[in-house]
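Since the structure comes first, as structure tokens, the remarks are kept for the end.
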Amino acid sequence: MTDLSNGTQWMRALADRREDSDPAETAEWLEALDAVVEHVGNERAQYLFERLAEHAAKHGIGSARARVTPYLNTIPVEAQPPYPGDIEIEERLAAALRWNALAMVVGANQAYGELGGHIASYASAADLFEVGFNHFFRAANGEHGGDLVYFQPHSSPGVYARAFLEGFLDETQLEHYRREIAGPGLCSYPHPWLMPDFWQFPTGSMGIGPINAIYQARFMRYLHHRGLLPTEGRKVWGFFGDGEMDEPESIGALSLAAREKLDNLVFVINCNLQRLDGPVRGNGRIIDELEAQFTGAGWNVIKVLWGSSWDELFARDRAGALPRAFAQTVDGQFQTFSANDGAYNRDRFFGQNAELAALVAHLANDDIDRLRRGGHDVRKLHAAYARALQHKGQPTVILAKTMKGFGMGAAGQGRMTTHQQKKLDLEHLKAFRDRFRLPLSDEAVERLEFYKPAQDSPEMRYLHARRAALGGYLPRRRRAATKAPTVPPLSSWGQFALQTEGREMSTTTAIVRMFGNLMKDPTLGPRVVPVVADEARTFGMANLFRQVGIYSPLGQQYEPEDLGSMLYYREETGGQILEEGISEAGAISSWIAAATSYSTHDLPMLPFYIYYSMFGFQRIGDLIWAAADQRARGFLIGATSGKTTLGGEGLQHQDGTSHLVASTIPNCRAWDPAFAYEIAVILDEGMREMLERQNDTFHYLTVTNENYPQPSMPVSEPTDVAAVAALREGIVKGMYSLTPRVLPSAQVQLLGCGAILGEVIAAARMLEDDWNIEAAIWSVTSFSELHRDGTAAERKARFDVDDGSARSHVESMLRESQGPVVAATDYVRAVPELIRAFVPRRYVTLGTDGFGRSDTRRALREFFEVDRASIVIAALKALADDGAIERGIVRAALDKYGKHLPGDPAPWQR
């Protein structure tokens, strides 16, 4: 036998059919159904099919089939609308885009081999994009708010190539693909931070695009239902890879989209059957799997599997040989077919049986080679997109079958290594040129010249005309809102926090009361978006249920169990709270949609997402990083923060690291306030920064559930403008003195923040009462802000050697004081260590390194050695090391407070 014959036998061995014990009876049932379809119609056949399934279920008979349809196009050829475009011109334009995208990547890697880049992904997605660009994607203009498009990240070279033809990018920028530092370069993937006038959505971290697109579509409905913005007719398009759908975030919110009937949402899954290293499902069919998944979640599914060149074969296939063969072919084998030529496919696929062989007997091998997958046929794609726009009551997913590396021939089409393909030799480049009939000379191909048709050519006139008909060009990003909202004076919503007169409350209660008051403001109030995962009652937000309601597009179709209470659970179409259930990923996606509304909708919103701090940066850090990239503006509230305030909950609920992670995000300003007036100042500053000054920052505040007396703002007179301004400056810069009068005589400086500042204050009293040592107390509202200020001062001093005035805020605050500096926080020691370089004297840090425990606050603080006694001992030891006191005092303190002597395991070792 020849190898080809062996291959044919092997293909036949893939078949896995169940034995039919009575084929004649089976045929009768099938013929009966066919007769109903032919004489009565599909609707009656569907009804009978469902009744039969219900009846079977009564007998305990279920189906072992997944919820999938035959491996064929959903839209039959006779249901396709006429194609409205000029296919020849569109093909010439697409060829130019394909070449320029390829030249961009190959050129960069010929010059700089380590840059990387992706050719094959855009080669598979080009037609998916171009049908949208030419006929569907609406741009924002005076008449239409514009569609929102999430682009498959590895296909970014193709989007750059189109922007080059449109005139938005020039050759120099294309030549600097993946070289952004020395020139006007282009970033690797969609990054709004790096290209703030171009990309709208960061999708480079695969999996976050799908969930963000769903919640973006949902937020558009939220704006519409609340009467803030008309969003009818606008669509959210999400282009994602089939391999990407393995990410939990990609599928985690599918049911929400169906449950809320988001028919303004269209997913297009580029099913090229291949991920980075090999097939997505080598031994299965990812399209079947995705169809079952989306259908089960309640989506409208449209499959675009086979191009128009297959229509004639399907029409001649009266025996159903093709669907049977497809059902027996797994994706790994489909990829092998796509990587080989017509002769191979004639033998290995169509040679499986006489029926298949007869279907292509009249075709030459080259004709078989040109049988396209549906994702490369603009007619099929246009029909699918048009149906998606017409469909009501469900989100739609289009499963488009493509070839990774389409058109790259032997250099990469369908090959396992195609994802890593960065370079092509001259012969492969020429073959690509010839395959797409590009008017480029051999010399131009060798030089990798970019190709742009003449401005008055039919191609360019067509390109601009199509975009003009759709409202303009995209992607394009709005940097700032047309009109910034006015922030109300702090006294109108936070006066209770400035003059508390020692009333007990937690900082969580204080901040919830503040944004509750903000919602009452007639101007800014409607812009406030409270977001919570599933702990609104825990965080004291139940009063907001009655005040502003929980958003639900369906209203409230039931009588809530707690209807008789003052704080009953109230859902309504115009509700203001976004209560997302147990999904931090969903809640942060809602927050991102609201926090970027100034750009996507020209409507600045003010979102507050409040959550257990431990389940923020730890669980959804990648989404928060994407928010930073997208230039989000809003507040993240890490409640029940720290390692010792959430008594009883234990290891997984206790947060000692979120401030460390927050410090790594350049445009995240992180705060750990201890008092209500500090929170009020930070909120006021944050709102003015984000709303009025329109700076691209967002703010992370940690608050606790511990009730303690809240001091009033420490100024002699509330009307003392200068004193209030100085205090505000200290809070915003990250550190200020709580005891300015004792600074000249203080022997030690104690720094504290958040949950542990109370222990620091108590430690200062103990030092004076027990050891006659005076201590100054500093409230540190943000170690990360102090760190950034310090590194900026260091850099200024390094480059301006003749100017010695550059000094960090930490140094400026402490330079007139004396004695060692001791800092204690409820976070790992790495947080206070952020400022060590700027502390001018001995510096001792205490923190909560290690795993948490379930216990009382007092026991936890003693365990982690951040309690008042531990702070006293740390201060005494530092003074002894400086020679300011005798070491015997330290030993006496250890005995007095019952602390273990060195040698016992540290908390992080227990």
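Identifiers for the structure tokens are assigned positionally: chains receive A, B, ... in sequence, residues are indexed from 1 per chain, and ligands are indexed from 1 in the order shown.
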
For Arg346 of chain A: contacts at 10 Å, only C-alpha atoms, fewer than 4 positions along chain excluded, given as an mmCIF file with C-alpha atoms, in the first residue's frame:
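Result written to part_6.cif:
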```
data_model
loop_
_atom_site.group_PDB
_atom_site.id
_atom_site.type_symbol
_atom_site.label_atom_id
_atom_site.label_comp_id
_atom_site.auth_asym_id
_atom_site.auth_seq_id
_atom_site.Cartn_x
_atom_site.Cartn_y
_atom_site.Cartn_z
ATOM 1 C CA PHE A 337 -6.094 19.250 5.520
ATOM 2 C CA ASP A 341 -2.756 21.079 -1.152
ATOM 3 C CA GLY A 342 -5.635 19.978 -3.336
ATOM 4 C CA PHE A 350 -12.639 13.111 -0.585
ATOM 5 C CA GLY A 351 -11.021 9.733 -1.046
ATOM 6 C CA GLN A 352 -12.660 8.272 2.031
ATOM 7 C CA LEU A 356 -17.190 11.908 -1.675
ATOM 8 C CA ALA A 357 -14.869 11.112 -4.564
ATOM 9 C CA VAL A 360 -15.150 16.365 -6.750
ATOM 10 C CA ALA A 361 -14.452 14.189 -9.771
ATOM 11 C CA LEU A 363 -12.691 19.479 -10.081
ATOM 12 C CA ALA A 364 -8.990 19.950 -10.658
ATOM 13 C CA ASN A 365 -6.664 19.782 -7.684
ATOM 14 C CA ILE A 368 -10.095 21.700 -4.461
ATOM 15 C CA ASP A 369 -7.295 23.805 -3.017
#
```

Hey, what does DSSP flag as strand (DSSP E or B) within segment 616-720 of chain A? Can you give it to me as an MDAnalysis selection string?
-> chainID A and resid 635:639 668:671 698:702 708:709

What lies within 9 Å of segment 755-766 of chain A using only C-alpha atoms, ignoring chain neighbours under 5 positions off, as JSON, numbers by chain?
-> {"A": [641, 642, 644, 645, 672, 673, 674, 703, 704, 706, 708, 750, 771, 772, 773, 774, 775, 776, 777, 778, 779, 780, 823, 824, 825, 826, 861, 866, 867, 868, 869, 870, 871, 872]}

With C-alpha atoms retained, write the just-selected residues as an mmCIF file, in the first residue's frame.
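Below you can see again-v7.cif, which holds the result:
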```
data_model
loop_
_atom_site.group_PDB
_atom_site.id
_atom_site.type_symbol
_atom_site.label_atom_id
_atom_site.label_comp_id
_atom_site.auth_asym_id
_atom_site.auth_seq_id
_atom_site.Cartn_x
_atom_site.Cartn_y
_atom_site.Cartn_z
ATOM 1 C CA SER A 641 -9.235 45.357 54.719
ATOM 2 C CA GLY A 642 -6.033 44.315 56.409
ATOM 3 C CA THR A 644 -6.449 41.725 61.568
ATOM 4 C CA THR A 645 -9.728 43.635 61.255
ATOM 5 C CA ASP A 672 -5.265 53.349 53.605
ATOM 6 C CA PRO A 673 -7.099 56.003 55.640
ATOM 7 C CA ALA A 674 -7.822 55.564 59.329
ATOM 8 C CA VAL A 703 -11.664 50.655 54.769
ATOM 9 C CA THR A 704 -12.470 48.502 57.772
ATOM 10 C CA GLU A 706 -14.105 48.111 63.072
ATOM 11 C CA TYR A 708 -14.074 53.225 66.986
ATOM 12 C CA LEU A 750 5.571 56.577 65.153
ATOM 13 C CA TRP A 771 8.528 54.767 80.104
ATOM 14 C CA ASN A 772 8.353 58.574 80.157
ATOM 15 C CA ILE A 773 9.225 58.749 76.448
ATOM 16 C CA GLU A 774 7.468 61.274 74.259
ATOM 17 C CA ALA A 775 6.441 60.078 70.808
ATOM 18 C CA ALA A 776 5.188 61.966 67.759
ATOM 19 C CA ILE A 777 2.401 60.321 65.761
ATOM 20 C CA TRP A 778 2.140 60.444 61.972
ATOM 21 C CA SER A 779 -0.827 59.308 59.951
ATOM 22 C CA VAL A 780 0.294 57.766 56.674
ATOM 23 C CA ALA A 823 6.023 52.234 61.103
ATOM 24 C CA ALA A 824 3.233 49.711 61.723
ATOM 25 C CA THR A 825 0.546 48.603 59.247
ATOM 26 C CA ASP A 826 -2.006 45.851 58.824
ATOM 27 C CA ARG A 861 -2.696 41.873 66.326
ATOM 28 C CA VAL A 866 1.457 44.852 65.302
ATOM 29 C CA ASP A 867 -0.398 45.504 68.570
ATOM 30 C CA ARG A 868 0.371 48.510 70.775
ATOM 31 C CA ALA A 869 2.763 46.598 73.036
ATOM 32 C CA SER A 870 4.756 45.316 70.058
ATOM 33 C CA ILE A 871 4.991 48.851 68.703
ATOM 34 C CA VAL A 872 6.267 50.075 72.087
#
```

Would you mind listing what lies within 7 Å of segment 160-166 of chain A as a PyMOL selection string, with only C-alpha atoms counted and same-chain residues fewer than 4 positions away left out?
-> chain A and resi 97+100-101+156+170+452

When DSSP works through the backbone of this structure, what residues of segment 513-577 of chain A end up as helix (DSSP H, G or I), shown as a PyMOL selection string?
-> chain A and resi 513-518+525-527+542-548

Near-segment 661-671 of chain A list (7 Å; only C-alpha atoms; drop same-chain fewer than 2 positions) as a ChimeraX atom specification | /A:617,625,628,657-659,673,697-702,781-782,784-785

Residue selection dump (C-alpha atoms) as an mmCIF file, in the first residue's frame:
```cif
data_model
loop_
_atom_site.group_PDB
_atom_site.id
_atom_site.type_symbol
_atom_site.label_atom_id
_atom_site.label_comp_id
_atom_site.auth_asym_id
_atom_site.auth_seq_id
_atom_site.Cartn_x
_atom_site.Cartn_y
_atom_site.Cartn_z
ATOM 1 C CA PHE A 617 -6.315 42.577 43.553
ATOM 2 C CA TRP A 625 -4.509 46.166 35.231
ATOM 3 C CA ALA A 628 -5.503 50.983 34.170
ATOM 4 C CA THR A 657 -1.024 42.421 50.157
ATOM 5 C CA SER A 658 -3.475 44.480 48.082
ATOM 6 C CA HIS A 659 -1.627 47.736 48.750
ATOM 7 C CA PRO A 673 -7.099 56.003 55.640
ATOM 8 C CA THR A 697 -6.166 57.945 37.329
ATOM 9 C CA PHE A 698 -8.299 55.790 39.562
ATOM 10 C CA HIS A 699 -8.311 55.488 43.336
ATOM 11 C CA TYR A 700 -8.148 52.478 45.626
ATOM 12 C CA LEU A 701 -9.237 53.015 49.245
ATOM 13 C CA THR A 702 -9.139 50.385 51.942
ATOM 14 C CA THR A 781 -2.606 57.770 54.254
ATOM 15 C CA SER A 782 -0.579 56.250 51.414
ATOM 16 C CA SER A 784 2.634 54.116 47.680
ATOM 17 C CA GLU A 785 2.072 57.851 47.089
#
```

Considering only C-alpha atoms, return as a PDB file with N, CA and C atoms, in the first residue's frame whatever protein or nucleic-acid residues lie within 6 Å of segment 584-595 of chain A, sequence-local ones (same chain, fewer than 2 positions apart) excluded.
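Saved to result_20.pdb:
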```
ATOM      1  N   ASN A 212     -15.502  41.688  29.443  1.00  0.00           N
ATOM      2  CA  ASN A 212     -15.661  43.137  29.391  1.00  0.00           C
ATOM      3  C   ASN A 212     -16.676  43.546  28.335  1.00  0.00           C
ATOM      4  N   TYR A 215     -20.255  42.987  29.765  1.00  0.00           N
ATOM      5  CA  TYR A 215     -20.680  43.986  30.742  1.00  0.00           C
ATOM      6  C   TYR A 215     -20.733  45.383  30.124  1.00  0.00           C
ATOM      7  N   GLN A 216     -19.979  45.615  29.055  1.00  0.00           N
ATOM      8  CA  GLN A 216     -20.094  46.881  28.338  1.00  0.00           C
ATOM      9  C   GLN A 216     -21.475  46.991  27.685  1.00  0.00           C
ATOM     10  N   ALA A 533     -20.371  43.138  44.517  1.00  0.00           N
ATOM     11  CA  ALA A 533     -20.454  41.742  44.065  1.00  0.00           C
ATOM     12  C   ALA A 533     -21.650  41.059  44.744  1.00  0.00           C
ATOM     13  N   GLU A 580     -23.924  42.433  41.383  1.00  0.00           N
ATOM     14  CA  GLU A 580     -23.508  41.484  40.361  1.00  0.00           C
ATOM     15  C   GLU A 580     -23.478  40.029  40.805  1.00  0.00           C
ATOM     16  N   SER A 597     -16.749  55.339  30.751  1.00  0.00           N
ATOM     17  CA  SER A 597     -17.894  55.891  30.031  1.00  0.00           C
ATOM     18  C   SER A 597     -17.612  57.281  29.480  1.00  0.00           C
ATOM     19  N   MET A 605     -19.054  59.082  34.285  1.00  0.00           N
ATOM     20  CA  MET A 605     -19.762  58.495  35.407  1.00  0.00           C
ATOM     21  C   MET A 605     -18.800  58.393  36.581  1.00  0.00           C
ATOM     22  N   ALA A 627      -8.057  47.764  33.432  1.00  0.00           N
ATOM     23  CA  ALA A 627      -8.724  49.037  33.712  1.00  0.00           C
ATOM     24  C   ALA A 627      -7.726  50.188  33.665  1.00  0.00           C
ATOM     25  N   ALA A 632      -9.179  54.042  33.126  1.00  0.00           N
ATOM     26  CA  ALA A 632     -10.403  54.097  33.926  1.00  0.00           C
ATOM     27  C   ALA A 632     -10.316  55.210  34.964  1.00  0.00           C
ATOM     28  N   ARG A 633     -11.486  55.755  35.305  1.00  0.00           N
ATOM     29  CA  ARG A 633     -11.585  56.792  36.334  1.00  0.00           C
ATOM     30  C   ARG A 633     -12.724  56.411  37.271  1.00  0.00           C
ATOM     31  N   GLY A 634     -12.378  56.140  38.516  1.00  0.00           N
ATOM     32  CA  GLY A 634     -13.392  55.764  39.481  1.00  0.00           C
ATOM     33  C   GLY A 634     -12.746  55.326  40.776  1.00  0.00           C
TER      34      GLY A 634
END
```

Can you tell me how far atom CA of Val37 of chain A sits from atom CA of Arg51 of chain A, in Å to one decimal?
-> 15.5 Å

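Ranking A:Pro453, A:Pro709, A:Gly85, A:Gly648 by their shortest atom-to-atom distance to Ala859 of chain A, with only C-alpha atoms included, puts A:Gly648 first.
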
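Excluding Tyr609 of chain A itself and any same-chain residue fewer than 6 positions from it, the protein and nucleic acid residues within 6 Å of it, counting only C-alpha atoms, are Val531, Val532, Leu636 and Ile637 of chain A.
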
For those residues, write N, CA and C atoms to a file as an mmCIF file, in the first residue's frame.
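Dumped to again23.cif:
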```
data_model
loop_
_atom_site.group_PDB
_atom_site.id
_atom_site.type_symbol
_atom_site.label_atom_id
_atom_site.label_comp_id
_atom_site.auth_asym_id
_atom_site.auth_seq_id
_atom_site.Cartn_x
_atom_site.Cartn_y
_atom_site.Cartn_z
ATOM 1 N N VAL A 531 -21.347 49.757 42.709
ATOM 2 C CA VAL A 531 -21.163 48.395 42.211
ATOM 3 C C VAL A 531 -20.766 47.520 43.384
ATOM 4 N N VAL A 532 -21.408 46.369 43.495
ATOM 5 C CA VAL A 532 -21.077 45.438 44.577
ATOM 6 C C VAL A 532 -21.226 44.028 44.052
ATOM 7 N N LEU A 636 -12.233 52.289 43.660
ATOM 8 C CA LEU A 636 -12.301 50.913 44.136
ATOM 9 C C LEU A 636 -12.196 50.955 45.652
ATOM 10 N N ILE A 637 -13.134 50.309 46.322
ATOM 11 C CA ILE A 637 -13.162 50.339 47.778
ATOM 12 C C ILE A 637 -12.915 48.936 48.309
#
```
